[in-house]
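Colleague: A single structure is presented below for examination.
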Amino acid sequence: MKVSPSILAADYLNLGKDIKAIESADYIHLDVMDGSFVPNISFGFPVIDAVSAVTRVPLDAHLMVVHPERWFERLSKDGVDMVSFHLEAAGRSTGKCIDLIHSLGMKAGIAINPDVPVSRLFKYIGKADFFLVMSVFAGFGGQKFIYETLDRVAELRSEIARRGFETLIEVDGGVSTSNAAALRESGTDIVVAGSSVFKSDSPAEAIDALRQA
Ligand code: DX5
Ligand code: ZN
């Protein structure tokens with residue numbers, strides 16, 4: 001699997017050092033929270049600009065915001081490669097959001113919280129580049145992995161395969177070596193990991209362990 005460490009769990013007073021420590025990652029996951037879609041505020045463009053300037057690792061922005069379409073252009077200017085937004089936030093504009101992200105040259109992903117049936121993603125198979133299946137409720141780092149996620153990923157993976165596509169599935173929340181192998185078996189392509197990477201003694205080894213799970 002590919003690994004996308006979430007800098008939500010990084011040390012903001014030493015962010016440059018923490019970004020260096022994850023240079024072996026496949027992506028860097030940027031959790032943008034607006035205090036409205038989720039009851040928490042994380043960081044915005046000043047931080048994304050700063051990260052973008054010091055790394056060549058592709059940036060994977062996860063928008064936990066209302067009106068996600070307002071921010072796509074700015075993210076593309078920051079050199080972000082992958083953008084996911086929540087189906088619960090975009091509603092009927094979901095198709096339009098995907099087109100907009102594509103027109104800006106980025107990969108488009110649709111995120112869902114654990115209480116949204118994965119079947120609601122089916123009509124975007126073949127349109128979205130990836131799906132982000134939350135394994136905790138969006139809003140905070142360091143939560144416990146919800147095991148029902150494994151069945152949800154398997155259900156989504158089998159529908160993607162049935163339709164003859166290879167859409168990527170990213171899983172986010174509470175990921176560690178204790179659930180990574182099960183995630184891979186269920187059909188996950190990319191794991192997001194905040195606490196389990198940044199709170200470990202060696203982020204590089206933690207990334208390797210998840211990748212090889
Ligand atoms: C939750 C975020 C996650 C989170 C992952 O709202 O989307 O990306 O930061 O952090 P851990 O791995 O600590 O659950
Ligand atoms: Zn995230």
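Here, A, B, ... name the chains of the structure tokens in the order displayed, residue numbers run from 1 inside each chain, and ligands are numbered from 1 in the same displayed order.
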Under the rule of at most 6 Å, produce a per-residue listing of chain A near ligand 2: chain, number, name, the closest pair of atoms, and the distance in Å, as a Markdown table, using only C-alpha atoms and all ligand atoms.

Modeller:
```
| residue | atom | partner | partner_atom_place_in_ligand_line | distance |
| --- | --- | --- | --- | --- |
| A:Asp31 | CA | ligand 2 | 1 (Zn) | 4.9 |
| A:His62 | CA | ligand 2 | 1 (Zn) | 5.2 |
| A:Asp172 | CA | ligand 2 | 1 (Zn) | 5.6 |
```

Colleague: Could you list, as a PyMOL selection string, all protein and nucleic acid residues with an atom at most 8 Å from ligand 1, counting only C-alpha atoms and all ligand atoms?

Modeller: chain A and resi 5-9+29-31+33+62+64+134+136-145+172-176+192-197

Colleague: Give me a file of those residues, with N, CA and C atoms, as a compact mmCIF listing (two decimals), in the first residue's frame.

Modeller:
```txt
# COMPACT_ATOMS: atom_id res chain seq x y z
N PRO A 5 1.18 10.15 5.29
CA PRO A 5 1.18 10.62 6.69
C PRO A 5 0.42 11.95 6.81
N SER A 6 -0.41 12.04 7.85
CA SER A 6 -1.18 13.27 8.09
C SER A 6 -0.40 14.19 9.02
N ILE A 7 -0.09 15.39 8.53
CA ILE A 7 0.69 16.31 9.37
C ILE A 7 -0.15 16.93 10.48
N LEU A 8 -1.44 16.54 10.56
CA LEU A 8 -2.24 16.98 11.70
C LEU A 8 -1.57 16.55 13.01
N ALA A 9 -0.84 15.43 12.95
CA ALA A 9 -0.19 14.91 14.16
C ALA A 9 1.26 15.37 14.29
N HIS A 29 -0.45 14.05 3.63
CA HIS A 29 -1.88 14.28 3.81
C HIS A 29 -2.11 15.58 4.58
N LEU A 30 -2.89 16.48 3.99
CA LEU A 30 -3.15 17.79 4.60
C LEU A 30 -4.62 17.86 5.01
N ASP A 31 -4.87 17.85 6.29
CA ASP A 31 -6.25 17.86 6.81
C ASP A 31 -6.72 19.29 7.04
N MET A 33 -9.59 21.75 8.07
CA MET A 33 -10.86 21.75 8.81
C MET A 33 -11.29 23.19 9.04
N HIS A 62 -7.14 16.90 2.12
CA HIS A 62 -8.45 16.37 2.54
C HIS A 62 -9.25 17.53 3.11
N MET A 64 -12.17 19.12 4.87
CA MET A 64 -13.32 18.89 5.76
C MET A 64 -13.95 20.25 5.98
N MET A 134 -13.51 7.20 5.40
CA MET A 134 -13.07 7.54 6.76
C MET A 134 -13.26 6.33 7.68
N VAL A 136 -12.69 6.85 10.98
CA VAL A 136 -13.10 7.53 12.22
C VAL A 136 -13.99 8.68 11.72
N PHE A 137 -14.72 9.33 12.61
CA PHE A 137 -15.47 10.50 12.17
C PHE A 137 -14.51 11.67 11.99
N ALA A 138 -14.60 12.33 10.85
CA ALA A 138 -13.71 13.43 10.52
C ALA A 138 -13.76 14.49 11.62
N GLY A 139 -12.62 15.09 11.91
CA GLY A 139 -12.58 16.20 12.85
C GLY A 139 -11.40 16.21 13.79
N PHE A 140 -10.94 15.01 14.14
CA PHE A 140 -9.85 14.96 15.12
C PHE A 140 -8.88 13.83 14.80
N GLY A 141 -7.61 14.04 15.10
CA GLY A 141 -6.63 12.98 14.98
C GLY A 141 -6.66 12.11 16.24
N GLY A 142 -5.98 10.99 16.19
CA GLY A 142 -5.80 10.16 17.38
C GLY A 142 -7.03 9.39 17.84
N GLN A 143 -8.01 9.17 16.96
CA GLN A 143 -9.19 8.41 17.36
C GLN A 143 -8.97 6.92 17.07
N LYS A 144 -9.93 6.10 17.60
CA LYS A 144 -9.83 4.65 17.44
C LYS A 144 -10.41 4.19 16.12
N PHE A 145 -9.69 3.34 15.43
CA PHE A 145 -10.11 2.77 14.15
C PHE A 145 -11.45 2.04 14.29
N ASP A 172 -8.68 6.54 6.07
CA ASP A 172 -8.16 7.62 6.92
C ASP A 172 -8.76 7.55 8.32
N GLY A 173 -7.87 7.42 9.32
CA GLY A 173 -8.30 7.50 10.71
C GLY A 173 -7.94 6.28 11.54
N GLY A 174 -7.08 6.46 12.52
CA GLY A 174 -6.75 5.36 13.43
C GLY A 174 -5.97 4.23 12.78
N VAL A 175 -5.31 4.52 11.66
CA VAL A 175 -4.57 3.46 10.97
C VAL A 175 -3.22 3.22 11.66
N SER A 176 -2.90 1.95 11.86
CA SER A 176 -1.61 1.58 12.46
C SER A 176 -1.25 0.19 11.94
N VAL A 192 -3.85 6.61 5.26
CA VAL A 192 -3.46 7.86 5.91
C VAL A 192 -3.08 7.49 7.34
N ALA A 193 -1.99 8.05 7.84
CA ALA A 193 -1.63 7.77 9.23
C ALA A 193 -1.02 9.02 9.85
N GLY A 194 -1.65 9.49 10.92
CA GLY A 194 -1.15 10.66 11.64
C GLY A 194 -0.37 10.22 12.84
N SER A 195 -1.10 9.88 13.92
CA SER A 195 -0.45 9.53 15.18
C SER A 195 0.54 8.39 15.04
N SER A 196 0.16 7.34 14.31
CA SER A 196 1.04 6.16 14.29
C SER A 196 2.37 6.44 13.59
N VAL A 197 2.42 7.47 12.75
CA VAL A 197 3.70 7.83 12.12
C VAL A 197 4.45 8.84 12.98
```

Colleague: Can you tell me, as a ChimeraX atom specification, what residues are no more than 10 Å from Phe130 in chain A when counting only C-alpha atoms, ignoring any on the same chain fewer than 4 positions away?

Modeller: /A:82-84,107-111,124-126,166-170,189-190

Colleague: Hey, can you spit out that residue selection with C-alpha atoms as a PDB file, in the first residue's frame?

Modeller:
```pdb
ATOM      1  CA  MET A  82      -4.851  15.120  -4.967  1.00  0.00           C
ATOM      2  CA  VAL A  83      -7.893  16.805  -3.450  1.00  0.00           C
ATOM      3  CA  SER A  84     -10.701  15.077  -1.612  1.00  0.00           C
ATOM      4  CA  LYS A 107      -6.808  14.194  -8.987  1.00  0.00           C
ATOM      5  CA  ALA A 108     -10.309  14.241  -7.496  1.00  0.00           C
ATOM      6  CA  GLY A 109     -11.414  12.206  -4.503  1.00  0.00           C
ATOM      7  CA  ILE A 110     -14.719  11.896  -2.677  1.00  0.00           C
ATOM      8  CA  ALA A 111     -14.575  11.397   1.095  1.00  0.00           C
ATOM      9  CA  TYR A 124     -19.074   8.332  -9.121  1.00  0.00           C
ATOM     10  CA  ILE A 125     -17.102   5.209 -10.028  1.00  0.00           C
ATOM     11  CA  GLY A 126     -15.335   6.044 -13.284  1.00  0.00           C
ATOM     12  CA  GLU A 166      -9.338   0.629 -10.850  1.00  0.00           C
ATOM     13  CA  THR A 167     -10.331   3.616  -8.732  1.00  0.00           C
ATOM     14  CA  LEU A 168      -8.046   3.987  -5.723  1.00  0.00           C
ATOM     15  CA  ILE A 169      -9.383   3.609  -2.190  1.00  0.00           C
ATOM     16  CA  GLU A 170      -7.774   5.648   0.582  1.00  0.00           C
ATOM     17  CA  ASP A 189      -4.590   1.269  -1.859  1.00  0.00           C
ATOM     18  CA  ILE A 190      -3.544   4.234   0.304  1.00  0.00           C
TER      19      ILE A 190
END
```

Colleague: Using only C-alpha atoms, can you tell me which of A:Phe85, A:Ala25, A:Asp115, A:Arg152 comes closest to Glu205 in chain A?

Modeller: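 Using only C-alpha atoms, Glu205 in chain A sits closest to A:Ala25.
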
Colleague: Please indicate the distance in Å from CA of Val38 in chain A to CA of Val116 in chain A, rounded to one decimal place.

Modeller: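 Separating CA of Val38 in chain A from CA of Val116 in chain A is a distance of 15.2 Å.
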